[in-house]
>>> print(open('upload-v8.tsv').read())   # TSV, C-alpha atoms
chain	number	residue	atom	x	y	z
W	1	MET	CA	-32.02	69.90	5.64
W	2	LYS	CA	-31.46	67.17	8.19
W	3	MET	CA	-27.88	66.82	9.31
W	4	THR	CA	-26.24	64.33	11.62
W	5	GLU	CA	-26.23	64.83	15.38
W	6	GLU	CA	-24.46	67.80	16.89
W	7	ASN	CA	-20.95	67.12	18.11
W	8	SER	CA	-19.48	68.24	21.42
W	9	SER	CA	-18.41	71.60	19.99
W	10	GLY	CA	-22.01	72.38	19.01
W	11	LYS	CA	-21.37	72.36	15.25
W	12	TRP	CA	-23.15	70.14	12.76
W	13	GLU	CA	-21.04	67.32	11.36
W	14	ILE	CA	-21.53	67.16	7.58
W	15	THR	CA	-21.52	63.63	6.13
W	16	MET	CA	-21.40	62.35	2.56
W	17	ASP	CA	-25.04	61.27	2.98
W	18	ASP	CA	-25.95	64.91	3.69
W	19	VAL	CA	-24.27	65.94	0.43
W	20	LYS	CA	-26.07	63.17	-1.48
W	21	ASN	CA	-29.42	64.36	-0.05
W	22	LEU	CA	-28.67	67.93	-1.13
W	23	VAL	CA	-27.78	66.79	-4.66
W	24	LYS	CA	-30.99	64.73	-4.79
W	25	LYS	CA	-32.99	67.81	-3.73
W	26	LYS	CA	-31.21	69.91	-6.40
W	27	ASP	CA	-32.12	67.32	-9.07
W	28	GLU	CA	-35.75	67.40	-7.94
W	29	ILE	CA	-35.85	71.22	-8.21
W	30	GLU	CA	-34.34	71.05	-11.72
W	31	GLU	CA	-37.01	68.51	-12.75
W	32	GLN	CA	-39.77	70.79	-11.40
W	33	ILE	CA	-38.32	73.81	-13.26
W	34	LYS	CA	-38.21	71.77	-16.48
W	35	ALA	CA	-41.84	70.67	-15.96
W	36	TYR	CA	-42.98	74.31	-15.65
W	37	TYR	CA	-40.96	75.29	-18.74
W	38	ASP	CA	-42.78	72.47	-20.57
W	39	VAL	CA	-46.09	74.07	-19.52
W	40	LEU	CA	-45.00	77.38	-21.05
W	41	GLU	CA	-43.81	75.63	-24.20
W	42	ASP	CA	-47.20	73.91	-24.56
W	43	GLN	CA	-48.86	77.33	-24.37
W	44	GLY	CA	-46.41	78.72	-26.91
W	45	VAL	CA	-44.99	81.41	-24.66
W	46	GLY	CA	-41.72	81.97	-22.82
W	47	VAL	CA	-40.93	83.48	-19.44
W	48	GLU	CA	-40.93	87.08	-20.77
W	49	ASP	CA	-43.54	86.96	-23.60
W	50	PRO	CA	-46.49	89.40	-23.19
W	51	LEU	CA	-49.80	87.96	-22.04
W	52	VAL	CA	-51.92	90.72	-23.57
W	53	ASP	CA	-52.78	91.47	-27.19
W	54	GLU	CA	-51.97	94.64	-29.12
W	55	GLU	CA	-54.99	96.40	-27.66
W	56	GLY	CA	-53.98	95.54	-24.10
W	57	TYR	CA	-56.56	92.83	-23.50
W	58	PRO	CA	-55.64	89.43	-21.99
W	59	ARG	CA	-54.85	87.01	-24.77
W	60	ALA	CA	-57.69	84.59	-25.44
W	61	ASP	CA	-55.52	81.96	-27.14
W	62	ILE	CA	-53.66	80.93	-23.97
W	63	ASN	CA	-54.40	79.79	-20.42
W	64	LEU	CA	-53.36	82.87	-18.45
W	65	TYR	CA	-53.71	81.23	-15.02
W	66	GLN	CA	-51.52	78.27	-16.01
W	67	ILE	CA	-48.85	80.52	-17.49
W	68	ARG	CA	-48.73	82.94	-14.54
W	69	THR	CA	-48.57	80.05	-12.08
W	70	ALA	CA	-45.77	78.38	-14.07
W	71	ARG	CA	-43.78	81.63	-14.34
W	72	HIS	CA	-44.17	82.33	-10.59
W	73	ASN	CA	-43.10	78.80	-9.67
W	74	ILE	CA	-40.10	78.93	-12.03
W	75	SER	CA	-38.95	82.15	-10.35
W	76	CYS	CA	-39.30	80.67	-6.85
W	77	LEU	CA	-37.64	77.39	-7.82
W	78	GLN	CA	-34.70	79.19	-9.44
W	79	ASN	CA	-34.09	80.99	-6.14
W	80	ASP	CA	-34.29	77.65	-4.30
W	81	HIS	CA	-31.84	76.21	-6.84
W	82	LYS	CA	-29.31	79.01	-6.19
W	83	GLU	CA	-29.59	78.48	-2.42
W	84	ILE	CA	-29.12	74.72	-2.60
W	85	MET	CA	-26.10	75.07	-4.91
W	86	VAL	CA	-24.50	77.28	-2.23
W	87	GLU	CA	-25.37	74.68	0.44
W	88	ILE	CA	-23.82	71.88	-1.64
W	89	GLU	CA	-20.64	73.91	-2.17
W	90	GLU	CA	-20.35	74.70	1.56
W	91	ALA	CA	-21.08	71.08	2.55
W	92	LEU	CA	-18.41	69.74	0.17
W	93	HIS	CA	-15.93	72.33	1.46
W	94	LYS	CA	-16.57	71.30	5.09
W	95	LEU	CA	-16.40	67.62	4.19
W	96	HIS	CA	-13.08	68.00	2.37
W	97	ALA	CA	-11.65	70.18	5.16
W	98	ARG	CA	-12.59	67.58	7.78
W	99	GLU	CA	-11.16	64.72	5.71
W	100	LYS	CA	-7.92	66.68	5.24
W	101	ALA	CA	-7.71	67.41	8.99
W	102	LYS	CA	-8.37	63.74	9.80
W	103	ARG	CA	-5.71	62.62	7.32
W	104	GLU	CA	-3.15	65.03	8.79
W	105	ARG	CA	-4.07	63.91	12.33
W	106	ASP	CA	-3.68	60.23	11.37
W	107	GLU	CA	-0.30	60.94	9.78
W	108	ALA	CA	0.85	62.84	12.88
W	109	GLU	CA	-0.29	60.00	15.15
W	110	GLY	CA	1.47	57.49	12.89
W	111	GLN	CA	4.71	59.42	13.32
W	112	GLU	CA	4.26	59.66	17.09
W	113	GLU	CA	3.76	55.91	17.66
W	114	PRO	CA	7.37	54.82	16.92
W	115	MET	CA	8.64	57.65	19.14
W	116	ASP	CA	6.39	56.51	21.98
W	117	GLN	CA	7.66	52.97	21.54
W	118	GLN	CA	11.26	54.12	21.72
W	119	VAL	CA	10.59	56.04	24.91
W	120	THR	CA	9.10	52.99	26.65
W	121	LEU	CA	11.95	50.61	25.69
W	122	PRO	CA	14.24	49.75	28.63
W	123	PRO	CA	17.94	50.67	28.22
W	124	PRO	CA	20.10	47.77	26.89
W	125	PHE	CA	22.85	46.36	29.11
W	126	ALA	CA	24.91	44.54	26.46
W	127	ARG	CA	25.53	44.50	22.71
W	128	VAL	CA	26.26	41.64	20.30
W	129	ASP	CA	29.75	42.31	18.89
W	130	ALA	CA	30.16	39.21	16.70
W	131	VAL	CA	28.13	36.19	15.52
W	132	THR	CA	29.73	33.08	13.97
W	133	GLN	CA	27.97	31.47	11.00
W	134	GLY	CA	26.27	28.17	11.88
W	135	SER	CA	26.45	28.81	15.64
W	136	PRO	CA	23.48	28.49	18.04
W	137	ALA	CA	23.37	32.31	18.23
W	138	CYS	CA	23.26	32.55	14.41
W	139	VAL	CA	20.53	29.90	14.18
W	140	ALA	CA	18.46	31.77	16.81
W	141	GLY	CA	18.62	34.92	14.67
W	142	LEU	CA	21.00	37.02	16.76
W	143	ARG	CA	22.76	39.72	14.72
W	144	VAL	CA	25.79	41.95	15.20
W	145	GLY	CA	24.65	45.26	16.68
W	146	ASP	CA	21.65	43.80	18.53
W	147	GLU	CA	21.32	45.51	21.92
W	148	ILE	CA	20.27	43.09	24.65
W	149	ILE	CA	17.59	44.03	27.19
W	150	GLU	CA	16.74	40.48	28.29
W	151	PHE	CA	18.82	37.29	28.29
W	152	GLY	CA	17.02	34.48	30.12
W	153	SER	CA	16.66	35.61	33.73
W	154	VAL	CA	19.12	38.50	33.22
W	155	ASN	CA	17.57	41.88	32.43
W	156	THR	CA	18.34	45.60	32.62
W	157	GLU	CA	17.35	45.72	36.29
W	158	ASN	CA	19.57	42.90	37.63
W	159	PHE	CA	22.52	42.89	35.22
W	160	GLN	CA	25.88	43.50	36.92
W	161	ASN	CA	28.50	42.06	34.56
W	162	LEU	CA	28.99	39.50	31.75
W	163	GLN	CA	29.43	36.75	34.36
W	164	ASN	CA	25.66	36.94	34.88
W	165	ILE	CA	25.09	35.92	31.25
W	166	ALA	CA	27.84	33.26	31.38
W	167	SER	CA	26.21	31.70	34.43
W	168	VAL	CA	22.80	31.58	32.77
W	169	VAL	CA	24.31	29.98	29.63
W	170	GLN	CA	26.14	27.29	31.64
W	171	HIS	CA	23.00	26.34	33.56
W	172	SER	CA	20.83	26.31	30.42
W	173	GLU	CA	22.74	23.99	28.09
W	174	GLY	CA	20.20	22.31	25.80
W	175	LYS	CA	17.36	24.49	27.14
W	176	PRO	CA	15.83	27.41	25.18
W	177	LEU	CA	16.45	30.89	26.60
W	178	ARG	CA	14.21	33.85	25.89
W	179	VAL	CA	16.35	36.66	24.47
W	180	THR	CA	14.99	40.16	23.76
W	181	VAL	CA	17.00	42.73	21.84
W	182	ILE	CA	16.51	46.22	20.42
W	183	ARG	CA	16.99	46.17	16.65
W	184	ASP	CA	16.28	49.22	14.47
W	185	GLY	CA	14.49	50.86	17.41
W	186	GLN	CA	12.10	47.89	17.81
W	187	LYS	CA	11.87	45.08	20.32
W	188	THR	CA	12.77	41.70	18.80
W	189	HIS	CA	12.22	38.42	20.66
W	190	MET	CA	13.99	35.14	19.92
W	191	SER	CA	14.66	31.73	21.47
W	192	LEU	CA	18.34	30.83	21.90
W	193	THR	CA	19.38	27.33	23.00
W	194	PRO	CA	23.00	27.14	24.32
W	195	LYS	CA	24.58	23.90	23.09
W	196	ARG	CA	27.84	22.35	21.95
W	197	TRP	CA	28.60	22.82	18.27
W	198	SER	CA	31.66	22.72	15.97
W	199	GLY	CA	32.99	26.07	17.25
W	200	ARG	CA	33.95	27.49	20.64
W	201	GLY	CA	31.57	27.95	23.55
W	202	LEU	CA	27.85	27.21	23.74
W	203	LEU	CA	26.61	30.32	21.85
W	204	GLY	CA	29.06	31.23	19.08
W	205	CYS	CA	28.78	34.95	19.60
W	206	ASN	CA	30.62	37.72	21.39
W	207	ILE	CA	28.72	39.97	23.81
W	208	ILE	CA	30.12	43.17	25.28
W	209	PRO	CA	28.62	45.20	28.14
W	210	ILE	CA	27.16	48.67	27.59
W	211	HIS	CA	28.17	51.07	30.34
>>> encode(input="upload-v8.tsv", output="structure tokens")
Amino acid sequence: MKMTEENSSGKWEITMDDVKNLVKKKDEIEEQIKAYYDVLEDQGVGVEDPLVDEEGYPRADINLYQIRTARHNISCLQNDHKEIMVEIEEALHKLHAREKAKRERDEAEGQEEPMDQQVTLPPPFARVDAVTQGSPACVAGLRVGDEIIEFGSVNTENFQNLQNIASVVQHSEGKPLRVTVIRDGQKTHMSLTPKRWSGRGLLGCNIIPIH
């Protein structure tokens, strides 16, 4: 039986095509066995019926050569059939085992990805404590609990105090600022434009430092 190429561990990789080929071969063997049984049926004998008459002479009413050949081939093909059934069972077992291992590996990798992402996130320097409805901060999508890692030119590396953010806001009135926060363990980007509105300040939110 032809299998796919050897993998790095030196073991044959079973594929579904290999299983299909084995099943096809099994079907062919079963067809051959049936054909030889048909030969015996045409001669009126079975696999075990005697081929000699009561006096011990070869029966003259049947084709002895045809019958012996058919019986021999049936015996050989039945052995082949047993072997290929074992091969099919083993191939299916290996295929299912590999699929199960792949599924478990994919699930494990899927669980690792969010953890990796959390590890690579920079530590936040401030947190949104309050957001007023209808304010520029609310319109931009800022939410209470968002942890800020980037606010315009201010980031985790250069943040010293809230005056840094206040300065950026004052110099950016009417201009969009890129704001990046950590929300539910994920990075979330938004564009916040400081501007005058019906409430106090240019943002309409309260930000507190994280020490």
>>> closest_atom_pairs(input="upload-v8.tsv", of="stretch 21-69 of chain W", to="stretch 84-92 of chain W", cutoff="9 Å", atoms="all atoms listed in the file", output="Markdown table")
| residue | atom | partner | partner_atom | distance |
| --- | --- | --- | --- | --- |
| W:Leu22 | CA | W:Ile88 | CA | 6.3 |
| W:Val23 | CA | W:Ile88 | CA | 7.1 |
| W:Lys25 | CA | W:Ile84 | CA | 8.0 |
| W:Lys26 | CA | W:Ile84 | CA | 6.5 |
>>> closest_residue(input="upload-v8.tsv", among="W:Ala137, W:Ser172, W:Asn161, W:Met190", to="W:Gly204", atoms="only C-alpha atoms")
W:Ala137
>>> atom_distance(input="upload-v8.tsv", atom1="atom CA of W:Glu150", atom2="atom CA of W:Ile165")
10.0 Å
>>> closest_residue(input="upload-v8.tsv", among="W:Thr180, W:Ser191, W:Ser167, W:Thr15", to="W:Ala97", atoms="all atoms listed in the file")
W:Thr15
>>> atom_distance(input="upload-v8.tsv", atom1="atom CA of W:Lys20", atom2="atom CA of W:Asp38")
27.0 Å
>>> decode(input="upload-v8.tsv", residues="stretch 39-147 of chain W", atoms="C-alpha atoms", output="short mmCIF file (atom, residue, chain, number, x, y, z; two decimals), in the first residue's frame")
data_model
loop_
_atom_site.label_atom_id
_atom_site.label_comp_id
_atom_site.auth_asym_id
_atom_site.auth_seq_id
_atom_site.Cartn_x
_atom_site.Cartn_y
_atom_site.Cartn_z
CA VAL W 39 -17.88 -20.44 -10.53
CA LEU W 40 -18.52 -23.07 -7.86
CA GLU W 41 -22.26 -22.43 -8.00
CA ASP W 42 -22.23 -22.92 -11.78
CA GLN W 43 -20.54 -26.29 -11.24
CA GLY W 44 -23.07 -27.19 -8.56
CA VAL W 45 -20.54 -27.63 -5.77
CA GLY W 46 -19.56 -25.69 -2.66
CA VAL W 47 -16.22 -25.08 -1.00
CA GLU W 48 -16.30 -28.38 0.94
CA ASP W 49 -18.22 -30.73 -1.42
CA PRO W 50 -16.29 -33.90 -2.47
CA LEU W 51 -14.82 -33.95 -5.97
CA VAL W 52 -14.78 -37.75 -6.26
CA ASP W 53 -17.62 -40.23 -6.72
CA GLU W 54 -18.60 -43.05 -4.37
CA GLU W 55 -15.91 -45.30 -5.82
CA GLY W 56 -13.21 -42.68 -5.29
CA TYR W 57 -12.82 -41.63 -8.91
CA PRO W 58 -12.76 -37.95 -9.97
CA ARG W 59 -16.27 -36.84 -10.81
CA ALA W 60 -16.89 -36.66 -14.54
CA ASP W 61 -19.84 -34.26 -14.30
CA ILE W 62 -17.77 -31.26 -13.18
CA ASN W 63 -14.70 -29.30 -14.26
CA LEU W 64 -12.21 -30.34 -11.58
CA TYR W 65 -9.51 -27.85 -12.63
CA GLN W 66 -11.92 -24.91 -12.51
CA ILE W 67 -13.27 -25.92 -9.12
CA ARG W 68 -9.85 -26.51 -7.53
CA THR W 69 -8.56 -23.20 -8.89
CA ALA W 70 -11.65 -21.36 -7.60
CA ARG W 71 -11.40 -22.98 -4.15
CA HIS W 72 -7.65 -22.18 -3.90
CA ASN W 73 -8.21 -18.56 -4.94
CA ILE W 74 -11.12 -18.14 -2.50
CA SER W 75 -8.88 -19.36 0.33
CA CYS W 76 -6.06 -16.97 -0.62
CA LEU W 77 -8.42 -14.02 -1.12
CA GLN W 78 -10.11 -14.62 2.24
CA ASN W 79 -6.69 -14.34 3.91
CA ASP W 80 -6.02 -11.13 1.97
CA HIS W 81 -9.44 -9.86 3.07
CA LYS W 82 -8.64 -10.49 6.76
CA GLU W 83 -5.29 -8.67 6.41
CA ILE W 84 -6.76 -5.63 4.69
CA MET W 85 -9.56 -5.36 7.27
CA VAL W 86 -6.84 -5.16 9.97
CA GLU W 87 -5.00 -2.51 7.92
CA ILE W 88 -8.19 -0.45 7.54
CA GLU W 89 -8.87 -0.65 11.28
CA GLU W 90 -5.30 0.42 12.14
CA ALA W 91 -5.35 3.24 9.56
CA LEU W 92 -8.64 4.61 10.91
CA HIS W 93 -7.32 4.38 14.48
CA LYS W 94 -4.16 6.34 13.55
CA LEU W 95 -6.19 8.88 11.58
CA HIS W 96 -8.60 9.48 14.46
CA ALA W 97 -5.75 9.65 16.99
CA ARG W 98 -3.94 12.26 14.88
CA GLU W 99 -7.10 14.31 14.38
CA LYS W 100 -7.77 14.22 18.13
CA ALA W 101 -4.19 15.30 18.89
CA LYS W 102 -4.43 18.12 16.33
CA ARG W 103 -7.75 19.28 17.79
CA GLU W 104 -6.33 19.28 21.33
CA ARG W 105 -3.21 21.15 20.11
CA ASP W 106 -5.34 23.77 18.33
CA GLU W 107 -7.47 24.24 21.45
CA ALA W 108 -4.35 24.62 23.61
CA GLU W 109 -2.87 27.16 21.19
CA GLY W 110 -6.18 29.03 21.13
CA GLN W 111 -6.05 29.33 24.92
CA GLU W 112 -2.42 30.47 24.86
CA GLU W 113 -2.94 33.33 22.38
CA PRO W 114 -4.92 35.64 24.72
CA MET W 115 -2.35 35.01 27.47
CA ASP W 116 0.49 35.94 25.10
CA GLN W 117 -1.36 39.09 24.15
CA GLN W 118 -1.80 40.07 27.78
CA VAL W 119 1.90 39.57 28.46
CA THR W 120 2.91 41.89 25.60
CA LEU W 121 0.54 44.72 26.58
CA PRO W 122 2.33 47.72 28.14
CA PRO W 123 1.26 48.67 31.70
CA PRO W 124 -1.43 51.42 31.80
CA PHE W 125 -0.58 54.77 33.40
CA ALA W 126 -4.11 56.10 33.96
CA ARG W 127 -7.71 54.90 34.27
CA VAL W 128 -11.00 56.47 33.16
CA ASP W 129 -13.00 57.11 36.35
CA ALA W 130 -16.08 58.79 34.86
CA VAL W 131 -17.57 59.63 31.43
CA THR W 132 -20.38 62.17 30.94
CA GLN W 133 -23.12 61.32 28.44
CA GLY W 134 -22.91 63.37 25.23
CA SER W 135 -19.33 64.51 25.92
CA PRO W 136 -16.45 64.27 23.40
CA ALA W 137 -15.05 61.36 25.45
CA CYS W 138 -18.43 59.56 25.31
CA VAL W 139 -18.75 60.15 21.55
CA ALA W 140 -15.22 58.77 21.02
CA GLY W 141 -16.22 55.55 22.81
CA LEU W 142 -14.28 55.98 26.05
CA ARG W 143 -15.76 53.94 28.92
CA VAL W 144 -15.43 53.92 32.70
CA GLY W 145 -12.73 51.42 33.67
CA ASP W 146 -10.71 51.82 30.46
CA GLU W 147 -6.99 51.73 31.31
#
